[in-house]
Amino acid sequence: MLQDVSQKFAGGCMMLVRKRENAVVFLGTAFLMHEDGYLITAAHLMEEDPVGLMVVATSNSDDFNPISLDKVSAMSVSVAAVDKIHNVAVLEIDRTLRIKTPDHLGGTTENLRIGTSVLCLGFPFGHDEMHNLVAQSAILSSKVLSMNGARLLLFDAMVSDGVAGAPLVSVDDGRVIGVIIGRFSPVEDGGDFARGSRISGYDTQISYAVSIEYGIALMENMGLEVI
Amino acid sequence: MSGSEPSQQVNSDLSPENSKDSPLFDVHPQVFFTSAAFIIGFVIFTIFFHQKVGDFFTPLQAAISTNAGWFFVWTMNIILFFSLYLMFSRYGDIRLGGDDAEPDFSTQSWFAMLFSAGMGIGLLFYGVAEPIFHFGSSPFPAANATESARNAMAITFLHWGFHPWAVYSIVGLALAFFSFNKGLPLSIRSVFHPLLGDRIYGFWGNLIDILATVATLFGVATSLGFGVQQVNAGLAHLFGWEQSATVQLLLITGITAIATISVVKGLDGGIRKLSELNIWLASGLLLFVLVCGPTLFIFNGFLENIGSYIQKFPMLSTWGETFENGNWQNGWTVFYWGWWIAWSPFVGMFIARVSRGRTIREFIMGVLCVPACVTFVWMTVFGNSALWIEMFGGGGIAQAVAENVPVSLFVLLENFPFSGVSSMLGILVVVSFFVTSSDSGSMVIDIITAGGNPNPPIPQRIFWAVLEGVVAATLLLCGGLAALQSAVITTGLPFAIVLLIMCVSLKKGLNEYLGVQTFSVKTEKKKAEEFEIEGAEAPHVIFGRKKSA
């Protein structure tokens, strides 16, 4: 099942980059959610600057691929909708593509059970110039409501910064259930630094995603149907 | 008005209440206007040249029966075994509309609707007439009357049993699957998506939908036209009413008015309720004949008929009249096969519309097995009663059948007590079967010509329901009903080919659905720009209780 889910979503995961003169700078991951060229990602990756955003599709992840790429083919995207409160954004590819998406992409977190097998697919070390798509498996560890009422999905994997914006997929039904944001830390200040016995946010083995429903709601507000 | 591509609203809420927010018209321009223009033009042409139309289509129908009978026999058997295969295979677990989909209608309402749409008025008249026809003139001459009666019931079961419902189940399943599970418009064109790809939105897709619209409207309209003649004959027999164009026009107006109200009220508010009423009325008539008729003969006969059908099924379903070198089959089996196939886009589309939320196994069980079994009960009650009167009673049914098929039902009822009441009930059942066929036919045409929108706007519903009645009335008054009916039945041959292609397409679609699906992103000719890629400090976010996310 993990293989099937990985195979299903690999082609839809793209590197999110920003154009800087003749180069692009890696930001994180984005994933296709609609055949008209709409992707979902984490809003914080854009740092409130929608200019120069691009995505890079990668080659077959089942092959041995070079650890680092010198040049990439990038396509411009524009920000179609943003939900800053829940840290989700919808991007639209600016050029015409022929995209075929698998059936049943959008999942629901309503009846998700703790312990469900999940898969993350992203580019964890893109910031360090490793451009390979990496799959990580985990279980759903907890369902948490944040202070502002956002539905968060905690899972037991240590995700790296490059996976931010990647899909969290339920292995049971092969549907996206969340948008990965980063590592989870329970402390008030964000836990960037270890203090005494308290571990740093970077050291926790738990990561989190926001519920995919926020992304789907953004798309539906735009008149897009996610099946 | 939508654009040239059909609207993609199929997976939205299917409740009829949605129509309240619909615009006045939401049509697929090519399909709507071309179909309407063709229908009106063809009817006008038929009025003026119905002799020529008849001269063209009647021999064509005969030629098709003679030369392509074997093809119909093959097609029907392939379809039946394909539907059984789907029911018992791993595909049976697929739920129409996705894993979370819930049925839109209760099982009882679902059965009522699909039975009312699938088996029209013919069930009433041929329930009595067909066993008597085969009893009197069997293609398998028997040594005695007992064996002739057994053969008669087995042949009747063949024509009304699993084969027709298998055709409906495959067409309905293909439409429901591609619409509810693949997000394509609820339209005949959609079932060819695995083979034609996005070309279904172009010329070929439009052509398929236009053909389905025209065949459905002509099919329902000619049935309505012939049907009112039969009702008029029944009323004349019962009450001495005159058989005139005026009475028949009034009947068409009444039936069309009720059907229009039903279609306007929508699937849940109108069609479902009328279908349930139809089933209650038909059940009442059935129970009446069962209780007042030869009850023990019917009970004994039911299992025996089924046993006889099962025993003779391999022989009857593959029989091609080869060594007899006759043409009995052309007038019966091949005619029926062509007829069911010609009606399959209409009935299949309607069944698909009401079957969201069922698994494929439930769907085929529901569409193939349950209605076929109900049909067996019906045929046994009416057919065995007629045979009992003919074999052990006062007789007279065979003569009535030979003289006027619709009247034979009422002649049968006259053999039992309270025949006045039961005949009135019979008339009511006839009318309700008409209305339920007419409203579901209109609904199907509405959906196709609205580009697959399952809740087309009310003015469009009125347009098609009224046009159906107008076409029937015009042909009745000016002639051309028989010619047009021949034309409809000749569409059975191309649709048989379409059905086989549909099986291939459905299998391909189901395979893709169950297999691992992947994303495919293809760029146009212009290649994406190339850039050097650099790393950078990550804009990280780590969750804390005071952070916004």
# chains A, B, ... in the order shown; residues from 1 in each chain; ligands from 1
call {"tool": "closest_atom_pairs", "arguments": {"of": "chain A", "to": "chain B", "cutoff": "7 Å", "atoms": "only C-alpha atoms", "output": "Markdown table"}}
result
| residue | atom | partner | partner_atom | distance |
| --- | --- | --- | --- | --- |
| A:Asp4 | CA | B:Val516 | CA | 5.9 |
| A:Gln7 | CA | B:Thr518 | CA | 6.5 |
| A:Lys8 | CA | B:Thr518 | CA | 4.3 |
| A:Phe9 | CA | B:Thr518 | CA | 6.5 |
| A:Gly11 | CA | B:Phe519 | CA | 5.0 |
| A:Gly12 | CA | B:Phe519 | CA | 5.6 |
| A:Asn22 | CA | B:Phe531 | CA | 6.1 |
| A:Ala23 | CA | B:Glu532 | CA | 4.6 |
| A:Val24 | CA | B:Ile533 | CA | 4.9 |
| A:Val25 | CA | B:Glu534 | CA | 4.8 |
| A:Phe26 | CA | B:Gly535 | CA | 5.6 |
| A:Leu27 | CA | B:Ala538 | CA | 6.8 |
| A:Leu45 | CA | B:Pro539 | CA | 6.0 |
| A:Asp70 | CA | B:Glu532 | CA | 5.6 |
| A:Lys71 | CA | B:Glu532 | CA | 4.4 |
| A:Val72 | CA | B:Glu530 | CA | 5.3 |
| A:Ser73 | CA | B:Glu530 | CA | 4.3 |
| A:Ala74 | CA | B:Glu529 | CA | 5.8 |
| A:Met75 | CA | B:Ala528 | CA | 5.9 |
| A:Ile85 | CA | B:Ser548 | CA | 6.2 |
| A:His86 | CA | B:Ala549 | CA | 5.5 |
| A:Asn87 | CA | B:Ala549 | CA | 6.5 |
| A:Leu97 | CA | B:Thr523 | CA | 4.9 |
| A:Arg98 | CA | B:Lys522 | CA | 5.0 |
| A:Ile99 | CA | B:Val521 | CA | 4.6 |
| A:Lys100 | CA | B:Ser520 | CA | 5.0 |
| A:Thr101 | CA | B:Phe519 | CA | 4.8 |
| A:Pro102 | CA | B:Gln517 | CA | 5.1 |
| A:Asp103 | CA | B:Lys182 | CA | 6.6 |
| A:Gly126 | CA | B:Gly535 | CA | 6.4 |
| A:His127 | CA | B:Gly535 | CA | 4.2 |
| A:Asp128 | CA | B:Gly535 | CA | 5.2 |
| A:Glu129 | CA | B:Gly535 | CA | 5.1 |
| A:Ser146 | CA | B:Ala549 | CA | 6.5 |
| A:Met147 | CA | B:Arg545 | CA | 6.6 |
| A:Asn148 | CA | B:Ser548 | CA | 6.5 |
| A:Ala150 | CA | B:Ala549 | CA | 6.4 |
| A:Asp161 | CA | B:His540 | CA | 6.2 |
| A:Gly182 | CA | B:Ile542 | CA | 6.0 |
| A:Arg183 | CA | B:Ile542 | CA | 5.6 |
| A:Phe184 | CA | B:Phe543 | CA | 5.1 |
| A:Ser185 | CA | B:Phe543 | CA | 5.5 |
| A:Pro186 | CA | B:Gly544 | CA | 5.4 |
| A:Val187 | CA | B:Gly544 | CA | 5.3 |
| A:Glu188 | CA | B:Arg545 | CA | 4.9 |
| A:Asp189 | CA | B:Gly544 | CA | 5.9 |
| A:Gly190 | CA | B:Gly544 | CA | 4.3 |
| A:Gly191 | CA | B:Gly544 | CA | 7.0 |
| A:Gly201 | CA | B:Ile542 | CA | 6.4 |
call {"tool": "write_last_selection", "arguments": {"atoms": "N, CA and C atoms", "output": "short mmCIF file (atom, residue, chain, number, x, y, z; two decimals), in the first residue's frame"}}
result
data_model
loop_
_atom_site.label_atom_id
_atom_site.label_comp_id
_atom_site.auth_asym_id
_atom_site.auth_seq_id
_atom_site.Cartn_x
_atom_site.Cartn_y
_atom_site.Cartn_z
N ASP A 4 2.00 1.87 -3.41
CA ASP A 4 0.94 2.38 -4.29
C ASP A 4 0.72 3.87 -4.05
N GLN A 7 3.62 5.90 -5.31
CA GLN A 7 3.58 5.96 -6.78
C GLN A 7 2.50 6.91 -7.26
N LYS A 8 1.37 6.88 -6.54
CA LYS A 8 0.23 7.73 -6.94
C LYS A 8 0.59 9.21 -6.87
N PHE A 9 1.27 9.62 -5.79
CA PHE A 9 1.46 11.05 -5.57
C PHE A 9 2.80 11.60 -6.05
N GLY A 11 4.28 11.91 -8.87
CA GLY A 11 4.26 12.80 -10.03
C GLY A 11 3.61 14.13 -9.76
N GLY A 12 2.86 14.22 -8.66
CA GLY A 12 2.16 15.47 -8.36
C GLY A 12 2.92 16.37 -7.40
N ASN A 22 19.00 34.79 -12.72
CA ASN A 22 19.05 33.64 -13.62
C ASN A 22 18.97 32.31 -12.88
N ALA A 23 18.66 32.37 -11.62
CA ALA A 23 18.61 31.14 -10.84
C ALA A 23 17.29 31.07 -10.07
N VAL A 24 17.03 29.90 -9.53
CA VAL A 24 15.87 29.77 -8.65
C VAL A 24 16.35 29.28 -7.29
N VAL A 25 15.67 29.72 -6.26
CA VAL A 25 16.05 29.36 -4.89
C VAL A 25 14.98 28.46 -4.32
N PHE A 26 15.41 27.36 -3.75
CA PHE A 26 14.46 26.38 -3.23
C PHE A 26 13.71 26.93 -2.01
N LEU A 27 12.40 26.72 -1.97
CA LEU A 27 11.59 27.16 -0.83
C LEU A 27 10.98 25.99 -0.06
N LEU A 45 5.76 29.46 3.29
CA LEU A 45 6.92 29.32 2.41
C LEU A 45 7.12 30.55 1.53
N ASP A 70 21.95 20.57 -11.44
CA ASP A 70 22.56 21.87 -11.76
C ASP A 70 21.48 22.81 -12.29
N LYS A 71 20.70 22.27 -13.19
CA LYS A 71 19.66 23.10 -13.80
C LYS A 71 18.31 22.40 -13.69
N VAL A 72 17.28 23.19 -13.56
CA VAL A 72 15.93 22.62 -13.49
C VAL A 72 15.02 23.40 -14.44
N SER A 73 14.01 22.70 -14.94
CA SER A 73 12.98 23.37 -15.75
C SER A 73 11.88 23.84 -14.82
N ALA A 74 11.71 25.13 -14.75
CA ALA A 74 10.74 25.68 -13.79
C ALA A 74 9.58 26.36 -14.52
N MET A 75 8.41 26.29 -13.92
CA MET A 75 7.22 26.93 -14.50
C MET A 75 6.71 27.96 -13.51
N ILE A 85 -4.28 32.18 8.20
CA ILE A 85 -4.60 31.67 9.55
C ILE A 85 -4.26 30.19 9.65
N HIS A 86 -4.58 29.46 8.60
CA HIS A 86 -4.32 28.02 8.66
C HIS A 86 -3.07 27.61 7.88
N ASN A 87 -2.35 28.62 7.38
CA ASN A 87 -1.06 28.37 6.73
C ASN A 87 -1.19 27.49 5.46
N LEU A 97 -0.97 23.24 -19.44
CA LEU A 97 -0.39 21.90 -19.38
C LEU A 97 -1.48 20.88 -19.59
N ARG A 98 -1.07 19.69 -19.98
CA ARG A 98 -2.04 18.59 -20.03
C ARG A 98 -1.80 17.75 -18.79
N ILE A 99 -2.67 17.94 -17.81
CA ILE A 99 -2.47 17.26 -16.53
C ILE A 99 -3.55 16.21 -16.33
N LYS A 100 -3.13 15.03 -15.93
CA LYS A 100 -4.09 13.98 -15.58
C LYS A 100 -3.87 13.68 -14.11
N THR A 101 -4.93 13.78 -13.34
CA THR A 101 -4.79 13.52 -11.90
C THR A 101 -5.46 12.19 -11.56
N PRO A 102 -4.99 11.52 -10.53
CA PRO A 102 -5.67 10.30 -10.10
C PRO A 102 -7.04 10.65 -9.51
N ASP A 103 -7.89 9.65 -9.39
CA ASP A 103 -9.20 9.88 -8.76
C ASP A 103 -9.01 10.02 -7.25
N GLY A 126 16.09 20.10 0.09
CA GLY A 126 16.19 21.03 -1.02
C GLY A 126 16.99 22.26 -0.67
N HIS A 127 16.89 22.69 0.58
CA HIS A 127 17.65 23.87 1.00
C HIS A 127 19.14 23.60 0.99
N ASP A 128 19.49 22.33 1.08
CA ASP A 128 20.91 21.95 1.05
C ASP A 128 21.29 21.39 -0.31
N GLU A 129 20.50 21.72 -1.31
CA GLU A 129 20.77 21.37 -2.70
C GLU A 129 20.76 19.88 -2.98
N SER A 146 -5.52 23.71 17.50
CA SER A 146 -4.59 24.75 17.96
C SER A 146 -5.37 25.82 18.71
N MET A 147 -4.65 26.78 19.27
CA MET A 147 -5.32 27.83 20.06
C MET A 147 -6.32 28.61 19.21
N ASN A 148 -6.04 28.71 17.92
CA ASN A 148 -7.00 29.44 17.07
C ASN A 148 -8.00 28.51 16.40
N ALA A 150 -7.44 25.76 14.68
CA ALA A 150 -7.02 25.04 13.46
C ALA A 150 -6.84 23.55 13.78
N ASP A 161 12.87 20.83 6.74
CA ASP A 161 12.21 22.06 6.29
C ASP A 161 11.72 21.98 4.84
N GLY A 182 5.67 21.46 9.38
CA GLY A 182 7.03 21.29 9.90
C GLY A 182 7.05 20.47 11.16
N ARG A 183 8.11 20.65 11.92
CA ARG A 183 8.28 19.90 13.16
C ARG A 183 7.37 20.49 14.24
N PHE A 184 6.89 19.65 15.13
CA PHE A 184 5.97 20.10 16.17
C PHE A 184 6.71 20.25 17.49
N SER A 185 6.47 21.36 18.18
CA SER A 185 7.01 21.54 19.51
C SER A 185 5.92 22.11 20.40
N PRO A 186 5.77 21.58 21.55
CA PRO A 186 4.65 22.01 22.38
C PRO A 186 4.91 23.29 23.17
N VAL A 187 6.10 23.84 23.10
CA VAL A 187 6.41 24.97 23.99
C VAL A 187 5.89 26.29 23.44
N GLU A 188 5.80 27.25 24.33
CA GLU A 188 5.13 28.48 23.97
C GLU A 188 5.88 29.32 22.94
N ASP A 189 7.20 29.32 23.02
CA ASP A 189 7.95 30.23 22.16
C ASP A 189 8.33 29.63 20.82
N GLY A 190 7.84 28.49 20.55
CA GLY A 190 8.17 27.88 19.26
C GLY A 190 9.26 26.86 19.40
N GLY A 191 9.98 26.86 20.51
CA GLY A 191 10.92 25.79 20.79
C GLY A 191 12.11 25.75 19.88
N GLY A 201 12.53 22.40 19.33
CA GLY A 201 11.53 21.98 18.34
C GLY A 201 12.16 21.15 17.24
#
call {"tool": "residues_around", "arguments": {"residues": "A:His131", "least_positions_apart": "4", "cutoff": "9 Å", "atoms": "only C-alpha atoms", "output": "number ranges by chain"}}
result
A: 15, 58, 65-69, 123-127
call {"tool": "write_last_selection", "arguments": {"atoms": "C-alpha atoms", "output": "PDB file, in the first residue's frame"}}
result
ATOM      1  CA  MET A  15       9.678  21.750  -5.725  1.00  0.00           C
ATOM      2  CA  THR A  58      10.891  16.065 -11.063  1.00  0.00           C
ATOM      3  CA  ASN A  65      18.480  10.138  -9.657  1.00  0.00           C
ATOM      4  CA  PRO A  66      21.456  12.469  -9.132  1.00  0.00           C
ATOM      5  CA  ILE A  67      21.613  13.830  -5.620  1.00  0.00           C
ATOM      6  CA  SER A  68      21.813  17.366  -6.893  1.00  0.00           C
ATOM      7  CA  LEU A  69      20.666  19.087 -10.049  1.00  0.00           C
ATOM      8  CA  PHE A 123      11.990  17.390  -0.889  1.00  0.00           C
ATOM      9  CA  PRO A 124      13.445  17.423   2.635  1.00  0.00           C
ATOM     10  CA  PHE A 125      16.938  18.619   1.785  1.00  0.00           C
ATOM     11  CA  GLY A 126      16.190  21.034  -1.024  1.00  0.00           C
ATOM     12  CA  HIS A 127      17.652  23.868   1.002  1.00  0.00           C
TER      13      HIS A 127
END
call {"tool": "closest_atom_pairs", "arguments": {"of": "stretch 11-128 of chain A", "to": "stretch 135-142 of chain A", "cutoff": "7 Å", "atoms": "only C-alpha atoms", "output": "CSV"}}
result
residue,atom,partner,partner_atom,distance
A:Ile114,CA,A:Leu140,CA,5.3
A:Gly115,CA,A:Leu140,CA,5.0
A:Thr116,CA,A:Leu140,CA,5.3
A:Ser117,CA,A:Ile139,CA,4.4
A:Val118,CA,A:Ala138,CA,5.3
A:Leu119,CA,A:Ser137,CA,4.5
A:Cys120,CA,A:Gln136,CA,5.2
A:Leu121,CA,A:Ala135,CA,4.6
A:Gly122,CA,A:Ala135,CA,6.8
call {"tool": "atom_distance", "arguments": {"atom1": "atom CA of B:Ala342", "atom2": "atom CA of B:Phe495"}}
result
6.5 Å
call {"tool": "residues_around", "arguments": {"residues": "B:Ile208", "least_positions_apart": "2", "cutoff": "10 Å", "atoms": "only C-alpha atoms", "output": "list in words"}}
result
Val31, Ser187, Ile188, Arg189, Ser190, Phe192, Ile200, Phe203, Trp204, Gly205, Asn206, Ile210, Leu211, Ala212, Thr213 and Val498 of chain B
call {"tool": "residues_around", "arguments": {"residues": "B:Ser223", "least_positions_apart": "3", "cutoff": "10 Å", "atoms": "only C-alpha atoms", "output": "ChimeraX atom specification"}}
result
/B:120-122,217-220,226-229,434,437-438,472,481,485
call {"tool": "write_last_selection", "arguments": {"atoms": "N, CA and C atoms", "output": "tab-separated table (two decimals), in the first residue's frame"}}
result
chain	number	residue	atom	x	y	z
B	120	GLY	N	-42.13	-0.99	-19.08
B	120	GLY	CA	-43.26	-0.10	-19.31
B	120	GLY	C	-44.55	-0.88	-19.44
B	121	ILE	N	-45.35	-0.32	-20.25
B	121	ILE	CA	-46.71	-0.79	-20.43
B	121	ILE	C	-46.77	-2.20	-20.98
B	122	GLY	N	-45.71	-2.59	-21.70
B	122	GLY	CA	-45.71	-3.90	-22.36
B	122	GLY	C	-45.90	-5.03	-21.37
B	217	LEU	N	-36.37	10.24	-27.22
B	217	LEU	CA	-37.62	10.98	-27.40
B	217	LEU	C	-38.56	10.26	-28.35
B	218	PHE	N	-38.02	9.77	-29.46
B	218	PHE	CA	-38.88	9.05	-30.41
B	218	PHE	C	-39.42	7.76	-29.78
B	219	GLY	N	-38.58	7.08	-29.00
B	219	GLY	CA	-39.02	5.84	-28.35
B	219	GLY	C	-40.18	6.10	-27.41
B	220	VAL	N	-40.01	7.10	-26.55
B	220	VAL	CA	-41.07	7.39	-25.57
B	220	VAL	C	-42.32	7.92	-26.28
B	226	PHE	N	-48.77	4.84	-29.39
B	226	PHE	CA	-49.40	3.52	-29.50
B	226	PHE	C	-50.16	3.17	-28.23
B	227	GLY	N	-49.58	3.57	-27.12
B	227	GLY	CA	-50.17	3.22	-25.82
B	227	GLY	C	-51.56	3.79	-25.65
B	228	VAL	N	-51.73	5.06	-26.04
B	228	VAL	CA	-53.06	5.64	-25.85
B	228	VAL	C	-54.09	4.96	-26.77
B	229	GLN	N	-53.63	4.49	-27.90
B	229	GLN	CA	-54.55	3.72	-28.76
B	229	GLN	C	-55.00	2.45	-28.03
B	434	PHE	N	-47.49	4.49	-18.01
B	434	PHE	CA	-47.22	5.48	-19.05
B	434	PHE	C	-46.54	6.71	-18.49
B	437	SER	N	-42.99	6.13	-17.37
B	437	SER	CA	-42.05	6.02	-18.50
B	437	SER	C	-41.81	7.39	-19.12
B	438	SER	N	-42.90	8.16	-19.22
B	438	SER	CA	-42.81	9.45	-19.87
B	438	SER	C	-41.97	10.43	-19.05
B	472	ALA	N	-45.99	12.84	-30.00
B	472	ALA	CA	-46.91	11.69	-29.99
B	472	ALA	C	-48.25	12.07	-30.60
B	481	LEU	N	-46.65	6.95	-36.84
B	481	LEU	CA	-46.20	6.29	-35.60
B	481	LEU	C	-45.44	5.01	-35.89
B	485	GLN	N	-41.59	4.15	-35.16
B	485	GLN	CA	-41.22	3.06	-34.25
B	485	GLN	C	-40.22	2.13	-34.93
call {"tool": "residues_around", "arguments": {"residues": "B:Cys478", "least_positions_apart": "4", "cutoff": "9 Å", "atoms": "only C-alpha atoms", "output": "list in words"}}
result
Thr46, Ile47, Phe48, His50, Ala473 and Thr474 of chain B
call {"tool": "residues_around", "arguments": {"residues": "stretch 123-133 of chain B", "least_positions_apart": "4", "cutoff": "10 Å", "atoms": "only C-alpha atoms", "output": "short mmCIF file (atom, residue, chain, number, x, y, z; two decimals) with N, CA and C atoms, in the first residue's frame"}}
result
data_model
loop_
_atom_site.label_atom_id
_atom_site.label_comp_id
_atom_site.auth_asym_id
_atom_site.auth_seq_id
_atom_site.Cartn_x
_atom_site.Cartn_y
_atom_site.Cartn_z
N MET B 119 -39.54 -1.35 -17.13
CA MET B 119 -40.59 -2.17 -17.73
C MET B 119 -41.83 -1.30 -17.89
N SER B 137 -48.76 -20.98 -30.78
CA SER B 137 -47.88 -21.12 -31.94
C SER B 137 -46.43 -21.12 -31.47
N SER B 138 -45.99 -22.31 -31.10
CA SER B 138 -44.65 -22.40 -30.51
C SER B 138 -43.60 -22.67 -31.58
N SER B 148 -46.26 -27.57 -24.26
CA SER B 148 -46.38 -26.28 -24.96
C SER B 148 -46.48 -25.14 -23.95
N ALA B 149 -47.26 -25.36 -22.89
CA ALA B 149 -47.41 -24.32 -21.86
C ALA B 149 -46.08 -24.05 -21.17
N ARG B 150 -45.36 -25.13 -20.85
CA ARG B 150 -44.04 -24.96 -20.21
C ARG B 150 -43.09 -24.16 -21.12
N ASN B 151 -43.07 -24.54 -22.37
CA ASN B 151 -42.21 -23.83 -23.32
C ASN B 151 -42.62 -22.36 -23.44
N ALA B 152 -43.93 -22.15 -23.46
CA ALA B 152 -44.43 -20.77 -23.61
C ALA B 152 -43.93 -19.89 -22.46
N MET B 153 -44.01 -20.42 -21.25
CA MET B 153 -43.57 -19.61 -20.10
C MET B 153 -42.05 -19.42 -20.12
N ALA B 154 -41.33 -20.46 -20.53
CA ALA B 154 -39.86 -20.34 -20.57
C ALA B 154 -39.43 -19.29 -21.59
N ILE B 155 -40.09 -19.27 -22.75
CA ILE B 155 -39.73 -18.28 -23.78
C ILE B 155 -40.08 -16.86 -23.29
N THR B 156 -41.25 -16.76 -22.64
CA THR B 156 -41.64 -15.45 -22.10
C THR B 156 -40.62 -14.97 -21.07
N PHE B 157 -40.20 -15.87 -20.19
CA PHE B 157 -39.18 -15.51 -19.18
C PHE B 157 -37.89 -15.06 -19.87
N HIS B 159 -37.52 -13.60 -22.77
CA HIS B 159 -37.65 -12.27 -23.38
C HIS B 159 -37.74 -11.15 -22.35
N TRP B 160 -38.26 -11.46 -21.15
CA TRP B 160 -38.49 -10.40 -20.16
C TRP B 160 -37.58 -10.55 -18.94
N GLN B 230 -54.04 1.86 -27.31
CA GLN B 230 -54.37 0.63 -26.57
C GLN B 230 -55.30 0.93 -25.40
N ALA B 282 -49.76 -1.51 -9.22
CA ALA B 282 -49.46 -2.76 -9.93
C ALA B 282 -49.52 -3.94 -8.96
N TRP B 332 -39.90 -12.20 -32.77
CA TRP B 332 -39.97 -12.26 -31.31
C TRP B 332 -38.62 -11.95 -30.66
N THR B 375 -40.40 -9.54 -12.39
CA THR B 375 -41.02 -9.80 -13.69
C THR B 375 -41.49 -11.25 -13.78
N PHE B 376 -40.69 -12.18 -13.24
CA PHE B 376 -41.10 -13.60 -13.27
C PHE B 376 -42.40 -13.80 -12.49
N TRP B 378 -44.69 -11.53 -11.97
CA TRP B 378 -45.76 -10.90 -12.75
C TRP B 378 -46.21 -11.80 -13.89
N MET B 379 -45.22 -12.30 -14.63
CA MET B 379 -45.53 -13.13 -15.79
C MET B 379 -46.23 -14.43 -15.38
N THR B 380 -45.81 -14.95 -14.23
CA THR B 380 -46.43 -16.19 -13.77
C THR B 380 -47.89 -15.94 -13.39
N VAL B 381 -48.12 -14.84 -12.65
CA VAL B 381 -49.49 -14.57 -12.20
C VAL B 381 -50.40 -14.36 -13.40
N PHE B 382 -49.98 -13.51 -14.34
CA PHE B 382 -50.86 -13.19 -15.47
C PHE B 382 -50.81 -14.27 -16.55
N GLY B 383 -49.60 -14.75 -16.84
CA GLY B 383 -49.45 -15.75 -17.90
C GLY B 383 -50.08 -17.07 -17.51
N ASN B 384 -49.80 -17.52 -16.28
CA ASN B 384 -50.38 -18.80 -15.85
C ASN B 384 -51.90 -18.71 -15.74
N SER B 385 -52.39 -17.54 -15.29
CA SER B 385 -53.85 -17.38 -15.20
C SER B 385 -54.47 -17.50 -16.59
N ALA B 386 -53.83 -16.83 -17.56
CA ALA B 386 -54.35 -16.89 -18.93
C ALA B 386 -54.29 -18.33 -19.46
N LEU B 387 -53.17 -19.01 -19.19
CA LEU B 387 -53.04 -20.39 -19.67
C LEU B 387 -54.05 -21.30 -18.98
N GLU B 390 -57.31 -20.89 -20.56
CA GLU B 390 -57.26 -21.47 -21.90
C GLU B 390 -57.25 -23.00 -21.85
N ILE B 397 -59.26 -16.39 -24.21
CA ILE B 397 -58.12 -15.46 -24.12
C ILE B 397 -57.36 -15.45 -25.45
N ALA B 398 -57.15 -16.65 -26.00
CA ALA B 398 -56.39 -16.74 -27.26
C ALA B 398 -57.07 -15.93 -28.35
N GLN B 399 -58.38 -16.01 -28.37
CA GLN B 399 -59.12 -15.25 -29.40
C GLN B 399 -58.95 -13.74 -29.17
N ALA B 400 -59.04 -13.34 -27.89
CA ALA B 400 -58.87 -11.91 -27.57
C ALA B 400 -57.48 -11.44 -27.95
N VAL B 401 -56.48 -12.27 -27.67
CA VAL B 401 -55.09 -11.92 -28.01
C VAL B 401 -54.94 -11.76 -29.51
N ALA B 402 -55.55 -12.70 -30.23
CA ALA B 402 -55.44 -12.65 -31.69
C ALA B 402 -56.12 -11.40 -32.25
N ASN B 404 -57.05 -8.39 -30.44
CA ASN B 404 -56.58 -7.11 -29.93
C ASN B 404 -55.80 -7.33 -28.63
N VAL B 405 -54.49 -7.22 -28.71
CA VAL B 405 -53.64 -7.56 -27.56
C VAL B 405 -54.02 -6.77 -26.29
N PRO B 406 -54.19 -5.44 -26.35
CA PRO B 406 -54.48 -4.70 -25.10
C PRO B 406 -55.78 -5.15 -24.44
N VAL B 407 -56.74 -5.56 -25.24
CA VAL B 407 -58.03 -5.96 -24.68
C VAL B 407 -57.91 -7.29 -23.92
N SER B 408 -56.89 -8.08 -24.25
CA SER B 408 -56.77 -9.40 -23.64
C SER B 408 -56.63 -9.31 -22.12
N LEU B 409 -55.99 -8.26 -21.61
CA LEU B 409 -55.87 -8.09 -20.17
C LEU B 409 -57.25 -7.98 -19.54
N PHE B 410 -58.12 -7.20 -20.19
CA PHE B 410 -59.45 -6.99 -19.62
C PHE B 410 -60.33 -8.23 -19.80
N VAL B 411 -60.10 -8.95 -20.87
CA VAL B 411 -60.83 -10.22 -21.06
C VAL B 411 -60.43 -11.20 -19.95
N LEU B 412 -59.16 -11.20 -19.61
CA LEU B 412 -58.70 -12.07 -18.51
C LEU B 412 -59.40 -11.69 -17.22
N GLY B 426 -56.84 -1.89 -13.56
CA GLY B 426 -55.98 -2.17 -14.71
C GLY B 426 -55.70 -0.92 -15.52
N VAL B 429 -53.31 1.30 -13.68
CA VAL B 429 -51.93 0.79 -13.77
C VAL B 429 -51.34 1.13 -15.14
N VAL B 430 -52.16 0.95 -16.18
CA VAL B 430 -51.69 1.26 -17.54
C VAL B 430 -51.27 2.74 -17.60
N PHE B 433 -48.10 3.45 -15.54
CA PHE B 433 -46.89 2.97 -16.22
C PHE B 433 -46.48 3.96 -17.32
#
call {"tool": "residues_around", "arguments": {"residues": "B:Val73", "least_positions_apart": "4", "cutoff": "8 Å", "atoms": "only C-alpha atoms", "output": "number ranges by chain"}}
result
B: 69, 77, 317-318, 320, 334, 337
call {"tool": "select_by_dssp", "arguments": {"residues": "stretch 15-119 of chain A", "states": "strand (DSSP E or B)", "output": "ChimeraX atom specification"}}
result
/A:15-20,23-34,38-42,53-57,71-83,88-93,97-100,106,117-119
